file start-v7.tsv (TSV, C-alpha atoms)
chain	number	residue	atom	x	y	z
A	1	MET	CA	-49.30	84.14	-40.92
A	2	MET	CA	-49.03	83.99	-37.11
A	3	SER	CA	-52.02	81.69	-36.91
A	4	MET	CA	-50.36	79.21	-39.34
A	5	ILE	CA	-47.17	79.15	-37.21
A	6	ALA	CA	-49.19	78.58	-34.03
A	7	ARG	CA	-51.10	75.75	-35.69
A	8	SER	CA	-47.84	74.05	-36.76
A	9	LEU	CA	-46.40	74.26	-33.23
A	10	LEU	CA	-49.55	72.71	-31.75
A	11	ILE	CA	-49.39	69.77	-34.21
A	12	ALA	CA	-45.70	69.15	-33.42
A	13	ALA	CA	-46.38	69.23	-29.68
A	14	ALA	CA	-49.20	66.72	-30.11
A	15	LEU	CA	-47.00	64.33	-32.10
A	16	LEU	CA	-44.23	64.61	-29.50
A	17	ALA	CA	-46.67	63.79	-26.71
A	18	VAL	CA	-47.87	60.68	-28.57
A	19	ALA	CA	-44.28	59.49	-29.10
A	20	VAL	CA	-43.16	60.08	-25.49
A	21	ALA	CA	-46.19	58.64	-23.71
A	22	PRO	CA	-45.55	54.89	-24.42
A	23	SER	CA	-41.88	55.18	-23.40
A	24	ALA	CA	-42.77	56.80	-20.12
A	25	ALA	CA	-45.41	54.16	-19.41
A	26	GLN	CA	-42.91	51.38	-20.10
A	27	SER	CA	-40.37	52.94	-17.73
A	28	ARG	CA	-43.05	53.22	-15.09
A	29	ARG	CA	-43.97	49.54	-15.44
A	30	GLU	CA	-40.28	48.51	-15.16
A	31	ALA	CA	-39.88	50.60	-12.03
A	32	ILE	CA	-42.76	48.77	-10.33
A	33	ALA	CA	-42.09	45.17	-11.57
A	34	VAL	CA	-44.33	42.70	-9.75
A	35	PRO	CA	-42.54	40.40	-7.25
A	36	THR	CA	-43.01	36.77	-8.42
A	37	LEU	CA	-42.67	33.53	-6.47
A	38	ARG	CA	-40.15	30.92	-7.58
A	39	ALA	CA	-41.25	27.29	-7.74
A	40	SER	CA	-37.93	25.93	-6.44
A	41	ILE	CA	-34.81	27.47	-4.96
A	42	THR	CA	-31.35	26.43	-3.80
A	43	VAL	CA	-29.40	28.04	-1.00
A	44	ALA	CA	-25.73	27.69	-0.07
A	45	ASP	CA	-25.98	28.60	3.65
A	46	ASP	CA	-28.36	27.96	6.53
A	47	ILE	CA	-30.67	30.98	5.90
A	48	VAL	CA	-33.46	31.52	3.34
A	49	ARG	CA	-33.93	35.18	2.40
A	50	VAL	CA	-36.75	37.06	0.69
A	51	GLY	CA	-34.61	37.42	-2.44
A	52	ASP	CA	-34.25	33.63	-2.60
A	53	LEU	CA	-38.04	33.14	-2.64
A	54	ILE	CA	-39.15	35.77	-5.14
A	55	ASP	CA	-37.97	37.64	-8.20
A	56	ASN	CA	-38.02	41.45	-8.07
A	57	ALA	CA	-37.75	41.48	-4.27
A	58	GLY	CA	-36.31	45.01	-4.23
A	59	SER	CA	-34.82	46.32	-1.01
A	60	ALA	CA	-36.35	43.46	1.00
A	61	GLY	CA	-34.29	40.85	-0.86
A	62	SER	CA	-31.66	40.45	1.89
A	63	VAL	CA	-34.17	39.98	4.73
A	64	ALA	CA	-33.84	36.54	6.36
A	65	VAL	CA	-37.17	34.74	6.73
A	66	TYR	CA	-36.52	30.98	7.19
A	67	ARG	CA	-33.96	28.48	8.41
A	68	ALA	CA	-32.67	26.39	5.47
A	69	PRO	CA	-33.05	22.57	5.46
A	70	ASP	CA	-30.20	20.38	6.67
A	71	LEU	CA	-27.10	20.13	4.48
A	72	GLY	CA	-27.75	18.28	1.26
A	73	THR	CA	-31.51	17.90	1.84
A	74	THR	CA	-34.66	19.35	0.28
A	75	GLY	CA	-37.75	20.72	2.05
A	76	THR	CA	-41.02	22.41	1.07
A	77	LEU	CA	-42.75	25.64	2.11
A	78	PRO	CA	-46.54	26.14	1.73
A	79	VAL	CA	-47.21	29.24	-0.41
A	80	ALA	CA	-49.87	30.56	2.02
A	81	GLN	CA	-47.32	30.50	4.84
A	82	VAL	CA	-44.72	32.20	2.66
A	83	LEU	CA	-47.14	35.01	1.74
A	84	ASN	CA	-47.95	35.67	5.42
A	85	VAL	CA	-44.25	35.95	6.24
A	86	LEU	CA	-43.63	38.25	3.26
A	87	ARG	CA	-46.50	40.53	4.29
A	88	SER	CA	-44.96	40.88	7.74
A	89	HIS	CA	-41.94	42.35	5.97
A	90	GLN	CA	-44.07	44.70	3.83
A	91	VAL	CA	-43.68	42.61	0.69
A	92	ILE	CA	-47.14	42.64	-0.91
A	93	GLY	CA	-48.72	42.14	-4.28
A	94	VAL	CA	-46.72	38.96	-4.94
A	95	ASP	CA	-47.61	36.97	-8.06
A	96	THR	CA	-48.00	33.39	-6.81
A	97	ARG	CA	-48.28	31.88	-10.31
A	98	GLU	CA	-50.89	29.61	-8.69
A	99	LEU	CA	-48.17	27.67	-6.87
A	100	LYS	CA	-49.14	25.65	-3.79
A	101	GLU	CA	-45.64	25.09	-2.37
A	102	ILE	CA	-42.01	26.00	-2.92
A	103	THR	CA	-39.19	23.44	-2.77
A	104	VAL	CA	-36.02	24.54	-0.98
A	105	THR	CA	-32.74	22.64	-1.49
A	106	ARG	CA	-29.64	23.30	0.56
A	107	LEU	CA	-26.38	22.75	-1.29
A	108	ALA	CA	-23.65	20.70	0.37
A	109	ARG	CA	-20.39	18.92	-0.24
A	110	THR	CA	-20.72	15.24	0.59
A	111	ILE	CA	-17.67	13.17	1.55
A	112	ASP	CA	-18.69	9.51	1.50
A	113	SER	CA	-17.29	6.81	3.77
A	114	LYS	CA	-15.23	5.25	0.98
A	115	GLU	CA	-13.39	8.52	0.35
A	116	ILE	CA	-12.78	8.92	4.07
A	117	GLU	CA	-11.24	5.43	4.28
A	118	GLN	CA	-9.01	6.17	1.27
A	119	GLN	CA	-7.79	9.45	2.76
A	120	VAL	CA	-7.05	7.87	6.15
A	121	SER	CA	-5.18	4.96	4.50
A	122	ARG	CA	-3.11	7.35	2.40
A	123	ALA	CA	-2.22	9.40	5.46
A	124	LEU	CA	-1.02	6.23	7.25
A	125	GLU	CA	0.79	4.70	4.26
A	126	GLY	CA	4.40	3.79	5.05
A	127	ARG	CA	4.25	4.99	8.65
A	128	HIS	CA	5.77	2.81	11.40
A	129	GLY	CA	6.06	-0.23	9.16
A	130	LEU	CA	2.63	0.00	7.54
A	131	GLY	CA	2.77	-0.81	3.83
A	132	ARG	CA	0.82	0.49	0.85
A	133	ALA	CA	-2.47	2.27	1.44
A	134	GLY	CA	-4.38	-0.41	-0.47
A	135	ASN	CA	-3.16	-3.06	1.99
A	136	ILE	CA	-4.25	-1.22	5.16
A	137	ALA	CA	-7.45	-2.42	6.84
A	138	LEU	CA	-9.22	0.16	9.01
A	139	THR	CA	-11.66	-0.15	11.89
A	140	PHE	CA	-13.15	3.17	13.03
A	141	ASP	CA	-14.16	3.75	16.63
A	142	ARG	CA	-17.28	5.38	15.24
A	143	ASP	CA	-18.59	4.74	11.74
A	144	PRO	CA	-17.99	8.02	9.87
A	145	GLY	CA	-20.74	7.34	7.33
A	146	ASP	CA	-21.23	10.09	4.74
A	147	ILE	CA	-20.21	13.53	6.01
A	148	ARG	CA	-21.86	16.71	4.64
A	149	LEU	CA	-20.14	20.08	4.73
A	150	GLU	CA	-21.07	23.55	3.54
A	151	ALA	CA	-20.84	23.74	-0.26
A	152	THR	CA	-18.12	26.36	0.11
A	153	ASN	CA	-15.80	23.75	1.68
A	154	THR	CA	-14.20	22.83	-1.64
A	155	GLY	CA	-10.62	22.22	-0.45
A	156	VAL	CA	-8.91	18.82	-0.36
A	157	MET	CA	-8.75	16.73	2.81
A	158	GLN	CA	-5.36	17.77	4.12
A	159	PRO	CA	-3.97	15.76	7.09
A	160	ILE	CA	-2.64	18.16	9.71
A	161	ALA	CA	-2.13	15.69	12.60
A	162	VAL	CA	-1.28	12.00	12.13
A	163	ARG	CA	-0.63	9.65	15.05
A	164	TYR	CA	-0.16	5.87	14.88
A	165	ASP	CA	1.00	3.40	17.53
A	166	PRO	CA	2.29	0.16	15.92
A	167	ARG	CA	2.01	-1.76	19.19
A	168	SER	CA	-1.67	-1.05	19.78
A	169	THR	CA	-2.34	-0.44	16.03
A	170	ARG	CA	-4.38	2.66	16.98
A	171	PHE	CA	-4.54	5.80	14.85
A	172	ASP	CA	-5.71	9.36	15.54
A	173	LEU	CA	-5.94	11.63	12.47
A	174	THR	CA	-7.19	15.18	11.94
A	175	PHE	CA	-7.92	16.63	8.49
A	176	GLU	CA	-8.50	20.23	7.43
A	177	ILE	CA	-10.70	21.32	4.49
A	178	GLY	CA	-10.45	24.86	3.11
A	179	ASN	CA	-13.48	27.17	2.67
A	180	ASP	CA	-13.88	29.32	-0.47
A	181	ALA	CA	-16.07	31.83	1.35
A	182	GLY	CA	-13.23	32.93	3.58
A	183	ALA	CA	-14.61	31.17	6.65
A	184	ALA	CA	-12.39	29.07	8.90
A	185	PRO	CA	-11.44	25.65	7.44
A	186	SER	CA	-13.51	22.67	8.57
A	187	LYS	CA	-11.75	20.05	10.65
A	188	LEU	CA	-12.52	16.32	10.70
A	189	ARG	CA	-11.05	13.89	13.24
A	190	PHE	CA	-11.06	10.09	13.00
A	191	THR	CA	-9.80	7.44	15.44
A	192	GLY	CA	-9.60	3.66	15.31
A	193	THR	CA	-7.22	0.81	14.48
A	194	ALA	CA	-5.19	0.10	11.33
A	195	ILE	CA	-3.44	-3.13	10.36
A	196	GLU	CA	-1.59	-4.18	7.25
A	197	THR	CA	-3.13	-7.07	5.33
A	198	ILE	CA	-1.96	-9.34	2.53
A	199	GLU	CA	-3.67	-11.70	0.11
A	200	ALA	CA	-3.53	-15.24	1.46
A	201	ALA	CA	-4.48	-18.67	0.15
A	202	VAL	CA	-7.13	-20.00	2.57
A	203	LEU	CA	-8.44	-23.56	2.85
A	204	THR	CA	-12.11	-24.37	2.30
A	205	ARG	CA	-12.01	-27.85	3.90
A	206	ASN	CA	-10.10	-30.07	6.29
A	207	VAL	CA	-7.00	-31.59	4.70
A	208	GLU	CA	-4.86	-34.44	5.96
A	209	ARG	CA	-1.12	-34.78	5.76
A	210	GLY	CA	-0.19	-35.85	2.24
A	211	ASP	CA	-3.37	-34.56	0.57
A	212	VAL	CA	-2.88	-32.85	-2.77
A	213	LEU	CA	-4.76	-29.53	-3.03
A	214	LYS	CA	-7.36	-29.01	-5.76
A	215	ALA	CA	-8.57	-25.66	-7.09
A	216	SER	CA	-11.82	-25.98	-5.07
A	217	ASP	CA	-9.83	-26.44	-1.84
A	218	VAL	CA	-8.29	-22.96	-1.85
A	219	ILE	CA	-9.72	-19.42	-2.00
A	220	VAL	CA	-8.09	-15.99	-1.67
A	221	GLU	CA	-8.79	-13.75	1.34
A	222	ARG	CA	-7.12	-10.76	2.93
A	223	ARG	CA	-5.57	-11.57	6.29
A	224	PRO	CA	-3.46	-9.57	8.75
A	225	LYS	CA	0.18	-9.72	7.73
A	226	ALA	CA	1.17	-10.23	11.37
A	227	GLU	CA	-0.91	-13.43	11.40
A	228	ILE	CA	0.92	-15.01	8.46
A	229	GLY	CA	4.23	-13.18	8.29
A	230	ASN	CA	6.27	-13.17	5.11
A	231	ASP	CA	5.59	-16.85	4.40
A	232	ALA	CA	2.11	-16.54	2.86
A	233	ALA	CA	1.41	-19.02	0.07
A	234	VAL	CA	-0.02	-17.83	-3.24
A	235	ARG	CA	-3.17	-19.64	-4.37
A	236	ASP	CA	-1.98	-20.42	-7.90
A	237	SER	CA	1.19	-21.96	-6.49
A	238	ALA	CA	-0.66	-23.86	-3.74
A	239	VAL	CA	-3.03	-25.73	-6.07
A	240	GLY	CA	-1.47	-29.07	-6.99
A	241	MET	CA	0.86	-29.06	-3.98
A	242	GLN	CA	0.85	-31.60	-1.16
A	243	VAL	CA	0.28	-30.52	2.46
A	244	ARG	CA	2.87	-31.47	5.04
A	245	ARG	CA	0.47	-31.55	8.01
A	246	GLN	CA	-3.21	-31.63	8.92
A	247	LEU	CA	-4.93	-28.27	8.37
A	248	ARG	CA	-8.43	-26.97	9.07
A	249	PRO	CA	-10.89	-24.89	7.01
A	250	GLY	CA	-10.25	-21.15	7.08
A	251	GLN	CA	-6.57	-21.62	7.84
A	252	ALA	CA	-4.18	-19.52	5.77
A	253	LEU	CA	-1.52	-21.51	4.00
A	254	ARG	CA	2.18	-20.87	4.44
A	255	VAL	CA	4.88	-21.91	2.02
A	256	ALA	CA	6.28	-24.14	4.76
A	257	ASP	CA	2.96	-26.06	4.86
A	258	LEU	CA	3.36	-27.21	1.25
A	259	ALA	CA	5.58	-29.54	-0.69
A	260	LYS	CA	5.73	-30.96	-4.15
A	261	PRO	CA	3.38	-33.95	-4.37
A	262	ASP	CA	4.96	-37.37	-3.85
A	263	LEU	CA	5.34	-39.17	-7.17
A	264	VAL	CA	6.64	-42.22	-5.35
A	265	THR	CA	5.27	-43.64	-2.08
A	266	ARG	CA	6.74	-46.14	0.37
A	267	ASP	CA	6.25	-49.82	-0.65
A	268	GLN	CA	5.03	-48.77	-4.09
A	269	ASN	CA	6.09	-50.83	-7.09
A	270	VAL	CA	8.14	-48.55	-9.28
A	271	THR	CA	10.09	-48.62	-12.49
A	272	LEU	CA	13.85	-48.38	-12.08
A	273	ILE	CA	15.51	-46.71	-15.04
A	274	TYR	CA	19.24	-47.11	-15.62
A	275	ARG	CA	20.70	-44.38	-17.79
A	276	THR	CA	24.20	-44.03	-19.15
A	277	ALA	CA	25.77	-43.14	-22.46
A	278	GLY	CA	24.31	-45.45	-25.07
A	279	LEU	CA	22.25	-47.37	-22.47
A	280	TYR	CA	18.61	-47.20	-21.29
A	281	LEU	CA	17.31	-50.15	-19.23
A	282	THR	CA	14.20	-50.54	-17.07
A	283	ILE	CA	13.77	-52.94	-14.16
A	284	ARG	CA	11.02	-53.51	-11.60
A	285	GLY	CA	11.66	-52.18	-8.13
A	286	LYS	CA	9.95	-51.47	-4.82
A	287	ALA	CA	10.23	-48.06	-3.14
A	288	MET	CA	11.61	-48.15	0.38
A	289	ASP	CA	10.50	-44.54	1.04
A	290	GLY	CA	8.48	-41.84	-0.72
A	291	GLY	CA	9.55	-38.71	-2.49
A	292	ALA	CA	8.58	-35.85	-4.79
A	293	GLU	CA	10.12	-35.05	-8.14
A	294	GLY	CA	13.84	-34.48	-7.71
A	295	ASP	CA	14.04	-36.28	-4.33
A	296	THR	CA	16.56	-39.07	-3.80
A	297	VAL	CA	14.92	-42.29	-2.59
A	298	SER	CA	15.97	-45.87	-1.85
A	299	VAL	CA	14.52	-48.63	-4.05
A	300	MET	CA	14.82	-52.40	-3.82
A	301	ASN	CA	15.99	-53.84	-7.14
A	302	LEU	CA	13.62	-56.84	-7.36
A	303	GLN	CA	15.99	-58.65	-9.71
A	304	SER	CA	19.20	-58.36	-7.69
A	305	LYS	CA	17.43	-58.03	-4.29
A	306	ARG	CA	19.72	-55.12	-3.49
A	307	ALA	CA	18.86	-51.57	-2.43
A	308	VAL	CA	19.86	-48.76	-4.78
A	309	SER	CA	19.49	-44.98	-4.58
A	310	GLY	CA	17.86	-43.01	-7.38
A	311	VAL	CA	16.14	-39.76	-8.19
A	312	VAL	CA	12.34	-39.51	-8.60
A	313	THR	CA	11.75	-38.38	-12.18
A	314	GLY	CA	8.06	-39.17	-12.65
A	315	ARG	CA	5.05	-40.87	-11.12
A	316	GLY	CA	6.23	-44.34	-10.05
A	317	GLU	CA	9.56	-43.76	-11.76
A	318	VAL	CA	13.06	-43.65	-10.27
A	319	SER	CA	16.14	-43.01	-12.41
A	320	ILE	CA	19.69	-44.20	-11.72
A	321	SER	CA	22.55	-42.72	-13.64
A	322	VAL	CA	25.49	-45.03	-14.14
A	323	ALA	CA	28.79	-43.29	-14.68
A	324	THR	CA	30.63	-44.38	-17.80
A	325	PRO	CA	34.11	-45.66	-16.81
A	326	ARG	CA	36.91	-43.54	-18.16
A	327	PRO	CA	39.29	-45.48	-20.42
A	328	ALA	CA	42.82	-45.92	-19.20
A	329	PRO	CA	45.33	-43.50	-20.76
A	330	THR	CA	46.94	-46.31	-22.75
A	331	ALA	CA	43.70	-48.03	-23.70
A	332	ASP	CA	42.84	-48.06	-27.38
A	333	ALA	CA	39.47	-47.64	-28.98
A	334	THR	CA	38.80	-51.38	-28.94
A	335	GLU	CA	39.29	-51.62	-25.17
A	336	SER	CA	37.04	-48.63	-24.62
A	337	ASN	CA	34.23	-50.16	-26.67
A	338	SER	CA	34.68	-53.44	-24.82
A	339	ALA	CA	34.25	-51.65	-21.47
A	340	SER	CA	30.95	-50.18	-22.66
A	341	VAL	CA	29.61	-53.53	-23.70
A	342	LYS	CA	30.52	-55.04	-20.35
A	343	LEU	CA	28.78	-52.23	-18.45
A	344	SER	CA	25.55	-52.76	-20.39
A	345	SER	CA	25.53	-56.44	-19.61
A	346	VAL	CA	25.85	-56.01	-15.85
A	347	ALA	CA	23.99	-52.78	-15.24
A	348	PRO	CA	20.62	-54.43	-14.35
A	349	ASN	CA	22.23	-56.35	-11.51
A	350	ALA	CA	24.48	-53.53	-10.36
A	351	GLU	CA	24.44	-52.88	-6.67
call {"tool": "encode", "arguments": {"input": "start-v7.tsv", "output": "structure tokens"}}
result
Amino acid sequence: MMSMIARSLLIAAALLAVAVAPSAAQSRREAIAVPTLRASITVADDIVRVGDLIDNAGSAGSVAVYRAPDLGTTGTLPVAQVLNVLRSHQVIGVDTRELKEITVTRLARTIDSKEIEQQVSRALEGRHGLGRAGNIALTFDRDPGDIRLEATNTGVMQPIAVRYDPRSTRFDLTFEIGNDAGAAPSKLRFTGTAIETIEAAVLTRNVERGDVLKASDVIVERRPKAEIGNDAAVRDSAVGMQVRRQLRPGQALRVADLAKPDLVTRDQNVTLIYRTAGLYLTIRGKAMDGGAEGDTVSVMNLQSKRAVSGVVTGRGEVSISVATPRPAPTADATESNSASVKLSSVAPNAE
């Protein structure tokens, strides 16, 4: 009986040993996991540590071993060199996965030149007479290019010092950018000149006094507002207008430089039109001066040889309005009609 009990206990012990052995082996393997190289890594600061280079680095993970590449750039490390450095820090038995090199990328926040210009313009907007940000032209003392900051500098560009002198047009701005890692904010300073610009109609060729502008004669460019003032001509309005004086290519047009084109010129043969109630007569005439639509000009009536004044109403056309005489208070309808007939018969030779 005792021997049977002993035999049963031995069998149970053997089965327990078989069941426990694999679990213990697995735990042992997990405890001594092999450190393994990574093919590529990214770092957020200027130091590369053992834990960045390999998995399962253990207690050596925080040891600094290399200087990181410049902000926003990528470099490579030969695996043989990496292994020598790791051995010097007692990190051995590394699985290289047959890699020849490791790529190392340093994270960064890039602020490009366009964003810098926008932020400077917004900071200057409306100051000391400057207009909208989109109309401010900047010239930096030193081209800012693209600026790279630590990736932890995620804050907005906040202006903390803004100076602008309208007489010299110089600006001096300082921005602050917050850091998520708790480090001191980064500061960026920019200096240069700022002027307000406007869209101007600019000539592409020489024009003489009296020339009428065509679409090909005028382009749109941004020019300093101080150069043109508040009298800048708009291209769409300038095309088809007549220039009042000689102008050169590249010259910005002002409203004062333009006039409606002359529809009548001096010594031109024109049509004189007499208009009154119930009457429309045309007579040949000769312009004694020129004028645009709506201008009052003098015309020689070639039939009566007398000068008359009329309003330019079209190309080569001058209109004269003849007032209808008011009937006398006691005049009857017959007298009134008679007056109209008489007016019609003498209107061509009036004046």
call {"tool": "residues_around", "arguments": {"input": "start-v7.tsv", "residues": "stretch 188-191 of chain A", "least_positions_apart": "6", "cutoff": "12 Å", "atoms": "only C-alpha atoms", "output": "PyMOL selection string"}}
result
chain A and resi 111+113+116-117+119-121+123+138-145+147-149+156-165+169-178
call {"tool": "atom_distance", "arguments": {"input": "start-v7.tsv", "atom1": "atom CA of A:Ser62", "atom2": "atom CA of A:Ala39"}}
result
18.9 Å
call {"tool": "residues_near_point", "arguments": {"input": "start-v7.tsv", "point": "(-4.7, -15.7, 9.5)", "cutoff": "9 Å", "atoms": "all atoms listed in the file", "output": "list in words"}}
result
Ala200, Val202, Arg222, Arg223, Pro224, Lys225, Ala226, Glu227, Ile228, Gly250, Gln251, Ala252 and Leu253 of chain A
call {"tool": "closest_residue", "arguments": {"input": "start-v7.tsv", "among": "A:Ala238, A:Leu124, A:Ala215, A:Val312", "to": "A:Thr193", "atoms": "all atoms listed in the file"}}
result
A:Leu124
call {"tool": "closest_residue", "arguments": {"input": "start-v7.tsv", "among": "A:Arg306, A:Lys114, A:Arg38, A:Arg248", "to": "A:Lys100", "atoms": "all atoms listed in the file"}}
result
A:Arg38
call {"tool": "residues_around", "arguments": {"input": "start-v7.tsv", "residues": "A:Arg315", "least_positions_apart": "3", "cutoff": "9 Å", "atoms": "all atoms listed in the file", "output": "PyMOL selection string"}}
result
chain A and resi 262-264+270+292-293+312+318
call {"tool": "residues_around", "arguments": {"input": "start-v7.tsv", "residues": "A:Gln242", "least_positions_apart": "5", "cutoff": "10 Å", "atoms": "only C-alpha atoms", "output": "number ranges by chain"}}
result
A: 207-214, 257-262, 292
call {"tool": "atom_distance", "arguments": {"input": "start-v7.tsv", "atom1": "atom CA of A:Thr204", "atom2": "atom CA of A:Ala232"}}
result
16.2 Å
call {"tool": "build_atoms", "arguments": {"input": "start-v7.tsv", "residues": "stretch 121-135 of chain A", "atoms": "N, CA, C and O atoms", "output": "JSON list (two decimals), in the coordinates of the input"}}
result
[["chain", "number", "residue", "atom", "x", "y", "z"],
["A", 121, "SER", "N", -6.20, 5.94, 4.89],
["A", 121, "SER", "CA", -5.18, 4.96, 4.50],
["A", 121, "SER", "C", -3.98, 5.64, 3.88],
["A", 121, "SER", "O", -2.83, 5.27, 4.16],
["A", 122, "ARG", "N", -4.23, 6.64, 3.03],
["A", 122, "ARG", "CA", -3.11, 7.35, 2.40],
["A", 122, "ARG", "C", -2.28, 8.10, 3.42],
["A", 122, "ARG", "O", -1.05, 8.18, 3.31],
["A", 123, "ALA", "N", -2.95, 8.66, 4.43],
["A", 123, "ALA", "CA", -2.22, 9.40, 5.46],
["A", 123, "ALA", "C", -1.35, 8.47, 6.30],
["A", 123, "ALA", "O", -0.29, 8.87, 6.81],
["A", 124, "LEU", "N", -1.77, 7.19, 6.43],
["A", 124, "LEU", "CA", -1.02, 6.23, 7.25],
["A", 124, "LEU", "C", 0.01, 5.45, 6.44],
["A", 124, "LEU", "O", 0.88, 4.79, 7.02],
["A", 125, "GLU", "N", -0.06, 5.51, 5.13],
["A", 125, "GLU", "CA", 0.79, 4.70, 4.26],
["A", 125, "GLU", "C", 2.28, 4.89, 4.60],
["A", 125, "GLU", "O", 2.78, 6.01, 4.67],
["A", 126, "GLY", "N", 2.96, 3.77, 4.81],
["A", 126, "GLY", "CA", 4.40, 3.79, 5.05],
["A", 126, "GLY", "C", 4.82, 4.24, 6.43],
["A", 126, "GLY", "O", 6.02, 4.29, 6.72],
["A", 127, "ARG", "N", 3.89, 4.52, 7.31],
["A", 127, "ARG", "CA", 4.25, 4.99, 8.65],
["A", 127, "ARG", "C", 4.43, 3.81, 9.61],
["A", 127, "ARG", "O", 3.58, 2.93, 9.67],
["A", 128, "HIS", "N", 5.51, 3.80, 10.34],
["A", 128, "HIS", "CA", 5.77, 2.81, 11.40],
["A", 128, "HIS", "C", 5.60, 1.39, 10.88],
["A", 128, "HIS", "O", 4.99, 0.54, 11.55],
["A", 129, "GLY", "N", 6.09, 1.13, 9.68],
["A", 129, "GLY", "CA", 6.06, -0.23, 9.16],
["A", 129, "GLY", "C", 4.82, -0.59, 8.37],
["A", 129, "GLY", "O", 4.75, -1.67, 7.78],
["A", 130, "LEU", "N", 3.81, 0.27, 8.35],
["A", 130, "LEU", "CA", 2.63, 0.00, 7.54],
["A", 130, "LEU", "C", 3.02, 0.08, 6.06],
["A", 130, "LEU", "O", 3.81, 0.93, 5.66],
["A", 131, "GLY", "N", 2.43, -0.77, 5.25],
["A", 131, "GLY", "CA", 2.77, -0.81, 3.83],
["A", 131, "GLY", "C", 1.93, 0.14, 3.00],
["A", 131, "GLY", "O", 1.57, 1.25, 3.45],
["A", 132, "ARG", "N", 1.59, -0.33, 1.78],
["A", 132, "ARG", "CA", 0.82, 0.49, 0.85],
["A", 132, "ARG", "C", -0.59, 0.74, 1.38],
["A", 132, "ARG", "O", -1.15, -0.09, 2.11],
["A", 133, "ALA", "N", -1.14, 1.89, 0.96],
["A", 133, "ALA", "CA", -2.47, 2.27, 1.44],
["A", 133, "ALA", "C", -3.51, 1.20, 1.12],
["A", 133, "ALA", "O", -4.40, 0.92, 1.92],
["A", 134, "GLY", "N", -3.40, 0.59, -0.07],
["A", 134, "GLY", "CA", -4.38, -0.41, -0.47],
["A", 134, "GLY", "C", -4.35, -1.67, 0.37],
["A", 134, "GLY", "O", -5.29, -2.47, 0.32],
["A", 135, "ASN", "N", -3.29, -1.87, 1.16],
["A", 135, "ASN", "CA", -3.16, -3.06, 1.99],
["A", 135, "ASN", "C", -3.49, -2.79, 3.46],
["A", 135, "ASN", "O", -3.33, -3.68, 4.30]]
